[in-house]
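So this one's query-v3.txt, compact mmCIF, C-alpha atoms and all ligand atoms:
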```
# COMPACT_ATOMS: atom_id res chain seq x y z
CA MET A 1 0.00 0.00 0.00
CA LEU A 2 1.40 3.34 -1.08
CA LYS A 3 1.10 5.89 1.73
CA VAL A 4 0.40 9.35 0.40
CA GLY A 5 0.24 12.50 2.50
CA LEU A 6 -1.94 15.15 0.85
CA THR A 7 -1.69 18.74 1.97
CA GLY A 8 -2.06 22.34 0.88
CA GLY A 9 -2.84 25.71 2.39
CA ILE A 10 -6.40 26.71 3.20
CA GLY A 11 -8.34 27.30 -0.01
CA SER A 12 -5.64 25.71 -2.18
CA GLY A 13 -7.95 23.01 -3.55
CA LYS A 14 -6.89 20.14 -1.30
CA SER A 15 -10.44 18.94 -0.65
CA THR A 16 -11.12 19.01 -4.38
CA VAL A 17 -8.09 16.75 -4.99
CA SER A 18 -8.99 14.49 -2.10
CA ARG A 19 -12.52 14.03 -3.50
CA GLN A 20 -11.19 13.26 -6.97
CA MET A 21 -8.67 10.73 -5.66
CA SER A 22 -11.33 8.90 -3.67
CA ALA A 23 -13.06 8.12 -6.98
CA TYR A 24 -10.32 5.66 -7.98
CA ARG A 25 -10.46 1.95 -7.25
CA GLY A 26 -8.21 0.89 -4.41
CA VAL A 27 -7.87 4.37 -2.90
CA VAL A 28 -8.87 5.00 0.68
CA VAL A 29 -8.88 8.61 1.89
CA VAL A 30 -8.38 9.25 5.59
CA ASP A 31 -9.41 12.79 6.56
CA ALA A 32 -7.36 14.18 9.45
CA ASP A 33 -9.96 16.86 10.24
CA LEU A 34 -12.68 14.24 10.65
CA ILE A 35 -10.45 12.16 12.91
CA ALA A 36 -9.68 15.22 15.02
CA ARG A 37 -13.44 15.64 15.52
CA GLU A 38 -14.05 11.97 16.18
CA VAL A 39 -11.63 11.80 19.13
CA VAL A 40 -13.64 14.46 21.01
CA GLU A 41 -17.14 13.19 20.29
CA PRO A 42 -19.43 12.90 23.33
CA GLY A 43 -18.55 9.90 25.45
CA THR A 44 -14.93 9.66 24.32
CA PRO A 45 -11.88 9.69 26.62
CA GLY A 46 -10.67 12.60 24.47
CA LEU A 47 -13.60 14.83 25.40
CA ALA A 48 -13.32 13.76 29.06
CA GLY A 49 -9.63 14.73 29.01
CA VAL A 50 -10.36 18.13 27.47
CA VAL A 51 -13.07 18.89 30.04
CA GLU A 52 -10.79 17.80 32.88
CA GLU A 53 -8.09 20.17 31.64
CA PHE A 54 -10.16 23.16 30.51
CA GLY A 55 -13.36 22.89 32.54
CA PRO A 56 -17.02 22.48 31.52
CA SER A 57 -17.15 25.94 29.92
CA VAL A 58 -15.78 24.36 26.72
CA LEU A 59 -18.95 22.26 26.42
CA ARG A 60 -22.17 23.26 24.73
CA GLU A 61 -25.48 22.63 26.46
CA ASP A 62 -25.97 19.45 24.45
CA GLY A 63 -22.68 18.05 25.77
CA THR A 64 -20.69 18.45 22.55
CA LEU A 65 -17.39 20.30 22.41
CA ASP A 66 -17.67 24.03 21.81
CA ARG A 67 -14.74 24.48 19.43
CA ASP A 68 -15.02 28.25 19.40
CA ALA A 69 -14.88 28.42 23.19
CA LEU A 70 -11.90 26.06 23.29
CA GLY A 71 -10.22 27.98 20.49
CA ALA A 72 -10.64 31.21 22.45
CA VAL A 73 -9.03 29.62 25.52
CA VAL A 74 -5.93 28.36 23.69
CA PHE A 75 -5.57 31.24 21.23
CA GLY A 76 -2.25 32.96 21.73
CA ASP A 77 -1.45 30.88 24.81
CA ASP A 78 1.35 28.42 24.09
CA GLU A 79 1.09 26.55 27.39
CA ARG A 80 -2.63 25.92 27.02
CA ARG A 81 -2.20 24.96 23.41
CA LYS A 82 0.50 22.45 24.37
CA ALA A 83 -1.76 21.01 27.06
CA LEU A 84 -4.48 20.50 24.46
CA SER A 85 -2.07 18.90 22.00
CA ALA A 86 -0.80 16.56 24.72
CA ILE A 87 -4.34 15.26 25.16
CA LEU A 88 -5.40 15.09 21.51
CA HIS A 89 -2.30 14.19 19.49
CA PRO A 90 -1.81 10.67 20.89
CA LEU A 91 -5.52 9.93 20.36
CA ILE A 92 -5.43 11.30 16.81
CA GLY A 93 -2.27 9.30 16.10
CA GLU A 94 -3.83 6.11 17.44
CA LEU A 95 -7.08 6.45 15.49
CA SER A 96 -5.24 7.40 12.29
CA GLY A 97 -3.03 4.31 12.65
CA GLN A 98 -6.15 2.21 13.14
CA ARG A 99 -7.71 3.65 9.96
CA TRP A 100 -4.52 2.99 7.96
CA ALA A 101 -4.46 -0.60 9.18
CA GLU A 102 -8.14 -1.06 8.27
CA ALA A 103 -7.45 0.33 4.80
CA GLU A 104 -4.56 -2.07 4.30
CA ALA A 105 -6.54 -5.04 5.63
CA GLY A 106 -9.36 -4.08 3.24
CA GLY A 107 -7.01 -4.31 0.26
CA ALA A 108 -6.39 -0.62 -0.45
CA THR A 109 -3.47 -0.05 -2.80
CA VAL A 110 -3.17 3.68 -2.10
CA LEU A 111 -3.87 5.37 1.19
CA VAL A 112 -4.36 9.12 0.91
CA HIS A 113 -4.00 10.86 4.25
CA ASP A 114 -5.55 14.30 3.88
CA VAL A 115 -3.76 16.47 6.46
CA PRO A 116 -4.12 20.28 6.26
CA LEU A 117 -1.24 20.88 8.70
CA LEU A 118 1.03 18.04 7.56
CA VAL A 119 4.09 20.24 7.18
CA GLU A 120 3.41 22.25 10.34
CA ALA A 121 3.10 19.02 12.34
CA GLY A 122 6.37 17.63 10.93
CA LEU A 123 4.74 14.47 9.56
CA THR A 124 6.53 14.40 6.18
CA ASN A 125 8.53 11.28 6.99
CA MET A 126 5.44 9.15 7.59
CA TYR A 127 4.68 8.93 3.87
CA ASP A 128 6.05 7.40 0.67
CA GLU A 129 4.81 10.47 -1.21
CA VAL A 130 3.85 13.97 -0.14
CA VAL A 131 1.45 15.63 -2.59
CA VAL A 132 1.12 19.39 -2.19
CA VAL A 133 -1.70 21.35 -3.83
CA ASP A 134 -0.12 24.69 -4.59
CA VAL A 135 -1.45 28.14 -5.44
CA PRO A 136 0.12 31.58 -5.20
CA VAL A 137 -0.95 33.42 -2.04
CA GLU A 138 -2.86 35.99 -4.10
CA VAL A 139 -5.04 33.31 -5.70
CA GLN A 140 -5.49 31.59 -2.34
CA ALA A 141 -6.73 34.82 -0.72
CA GLN A 142 -8.98 35.63 -3.66
CA ARG A 143 -10.68 32.19 -3.57
CA LEU A 144 -11.22 32.40 0.18
CA VAL A 145 -12.90 35.78 -0.25
CA GLU A 146 -14.94 34.97 -3.36
CA LEU A 147 -15.86 31.34 -2.71
CA ARG A 148 -15.83 31.03 1.06
CA GLY A 149 -17.15 34.49 1.90
CA MET A 150 -14.22 35.43 4.13
CA SER A 151 -13.13 39.01 4.61
CA GLU A 152 -9.83 39.87 2.96
CA SER A 153 -8.14 40.41 6.35
CA ASP A 154 -9.48 37.14 7.78
CA ALA A 155 -8.26 35.26 4.70
CA ARG A 156 -4.80 36.85 4.98
CA ALA A 157 -4.60 36.09 8.71
CA ARG A 158 -5.51 32.45 8.17
CA ILE A 159 -2.99 32.07 5.39
CA ALA A 160 -0.30 33.70 7.55
CA SER A 161 -1.03 31.33 10.45
CA GLN A 162 -0.10 28.31 8.29
CA ALA A 163 3.28 27.15 6.97
CA ALA A 164 4.74 29.34 4.25
CA ARG A 165 4.13 28.22 0.67
CA GLU A 166 7.89 27.60 0.29
CA ALA A 167 7.96 25.26 3.31
CA ARG A 168 5.16 23.16 1.84
CA LEU A 169 6.83 23.04 -1.57
CA ALA A 170 10.11 21.96 0.04
CA ALA A 171 8.30 18.97 1.61
CA ALA A 172 6.57 17.89 -1.61
CA THR A 173 7.47 14.88 -3.73
CA THR A 174 4.70 15.93 -6.14
CA VAL A 175 3.26 19.41 -6.63
CA LEU A 176 -0.21 19.90 -8.12
CA ASP A 177 -0.44 23.44 -9.50
CA ASN A 178 -3.95 24.77 -8.91
CA SER A 179 -3.46 28.27 -10.24
CA GLY A 180 -5.48 27.38 -13.36
CA THR A 181 -8.97 25.95 -13.78
CA VAL A 182 -10.46 22.97 -11.96
CA ALA A 183 -10.15 21.09 -15.26
CA ASP A 184 -6.38 21.80 -15.25
CA LEU A 185 -6.19 20.41 -11.73
CA THR A 186 -8.21 17.35 -12.68
CA LYS A 187 -5.75 16.57 -15.49
CA GLN A 188 -2.88 16.56 -13.02
CA VAL A 189 -4.79 14.26 -10.66
CA GLU A 190 -5.47 11.92 -13.60
CA ARG A 191 -1.76 11.87 -14.45
CA LEU A 192 -0.88 11.02 -10.87
CA ALA A 193 -3.53 8.29 -10.76
CA SER A 194 -2.13 6.79 -13.92
CA LYS A 195 1.41 6.89 -12.48
CA TRP A 196 0.07 4.89 -9.52
CA ASP A 197 -1.71 2.45 -11.89
CA LEU A 198 -5.15 3.46 -10.62
CA THR A 199 -8.36 3.05 -12.56
CA PRO A 200 -11.65 4.86 -11.95
CA ALA A 201 -13.98 2.96 -9.59
P1 LIG B 301 -9.07 23.42 0.50
O1 LIG B 301 -9.62 22.08 0.83
O2 LIG B 301 -7.63 23.39 0.13
O3 LIG B 301 -9.36 24.49 1.53
P2 LIG B 301 -11.05 23.45 -1.63
O4 LIG B 301 -10.80 22.23 -2.43
O5 LIG B 301 -12.25 23.43 -0.71
O6 LIG B 301 -9.77 23.93 -0.85
O7 LIG B 301 -11.15 24.69 -2.65
C1 LIG B 301 -11.44 25.99 -2.16
C2 LIG B 301 -12.53 26.60 -3.05
O8 LIG B 301 -11.95 26.88 -4.32
C3 LIG B 301 -13.70 25.69 -3.30
O9 LIG B 301 -14.85 26.47 -3.37
C4 LIG B 301 -13.36 25.04 -4.66
O10 LIG B 301 -14.51 24.65 -5.34
C5 LIG B 301 -12.65 26.18 -5.35
N1 LIG B 301 -11.62 25.77 -6.31
C6 LIG B 301 -10.74 24.77 -6.21
N2 LIG B 301 -9.91 24.75 -7.28
C7 LIG B 301 -10.29 25.78 -8.07
C8 LIG B 301 -9.82 26.30 -9.32
N3 LIG B 301 -8.80 25.77 -9.97
N4 LIG B 301 -10.47 27.38 -9.84
C9 LIG B 301 -11.49 27.96 -9.19
N5 LIG B 301 -11.97 27.51 -8.01
C10 LIG B 301 -11.38 26.45 -7.45
```

Kindly return the structure encoded in the file as structure tokens.
Ligand code: ADP
Amino acid sequence: MLKVGLTGGIGSGKSTVSRQMSAYRGVVVVDADLIAREVVEPGTPGLAGVVEEFGPSVLREDGTLDRDALGAVVFGDDERRKALSAILHPLIGELSGQRWAEAEAGGATVLVHDVPLLVEAGLTNMYDEVVVVDVPVEVQAQRLVELRGMSESDARARIASQAAREARLAAATTVLDNSGTVADLTKQVERLASKWDLTPA
């Protein structure tokens, strides 16, 4: 099983690529964002650990995690952020490993691990290939404003909070250039799929 890490800055087109790749036979996509949510679902040791550390004010009335409240608590506070990571990262690592093993046991030939902060988290060495969806910062900001309804300053701040474009490119074994149309991007995904001997499902 080929282990592929897929990443890209916010608004780069990573989800688009991930969706296209999942349409090939033998590909299993594991979504790191979904796993990060799963480990803090109600009733999990993850959520219990977070409440123990940060108190019940990070819970909504229905008992689910209030991400905005938790985000406000850890924002700009390194110690608190580290405390949160210490609780969540081992759980995320364990569940991701479990999903990889399930994919392999199920006969997947390519595992695509979709990880927005792959480079930031220093995970490059976990993969056979690191695929980076790349756009110039100007295009990235423009798409976040036009397609996601963000304000220009919010888009810029989010882009600035992630790894620099250069750092992502330095980690890449394959770069998908998404500065053109979606059709241009699709062609590059098709080329990659053919390099990996994949056929549409
Ligand atoms: P990410 O997952 O990296 O944040 P998405 O795949 O969700 O990015 O893409 C961000 C937005 O840009 C979406 O609305 C998507 O449909 C759109 N998009 C992606 N690629 C292109 C492109 N080449 N041209 C125009 N819009 C695009």

List all protein, DNA and RNA residues that have an atom no more than 7 Å from any atom of ligand LIG 301 (chain B), counting all atoms listed in the file, and report them as a PyMOL selection string. chain A and resi 8-17+143-144+147-148+178-182+185

Interatomic distance between CA of Asp78 in chain A and CA of Gly49 in chain A?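 Separation between CA of Asp78 in chain A and CA of Gly49 in chain A: 18.2 Å.
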
So that I can see what lies close to Thr124 in chain A, please list as a ChimeraX atom specification the residues with an atom at most 9 Å from it, counting all atoms listed in the file and leaving out residues fewer than 5 positions away in the same chain. /A:5,118-119,129-130,171-172

Looking at only C-alpha atoms, which of A:Ala36, A:Val51, A:Ala72, A:Leu6 is the one that sits closest to Arg19 in chain A?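 Going through A:Ala36, A:Val51, A:Ala72, A:Leu6 one by one, the smallest distance to Arg19 in chain A is for A:Leu6.
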
Tell me, as a list of chain:residue names, which residues lie within 12 Å of Lys195 in chain A, counting only C-alpha atoms; anything in the same chain fewer than 4 positions away does not count.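 Residues near the query, excluding close chain neighbours: A:Leu2, A:Val110, A:Thr174, A:Gln188, A:Val189, A:Glu190, A:Arg191, A:Thr199.
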
Suppose you want the space between CA of Val58 in chain A and CA of Ala86 in chain A; what is it in Å? 17.0 Å

Every residue with an atom at most 9 Å from (-6.9, 20.1, 9.0) (file coordinates; all atoms listed in the file) is what I'm after, so could you write them as an MDAnalysis selection string? chainID A and resid 7 10 31:34 36 114:118
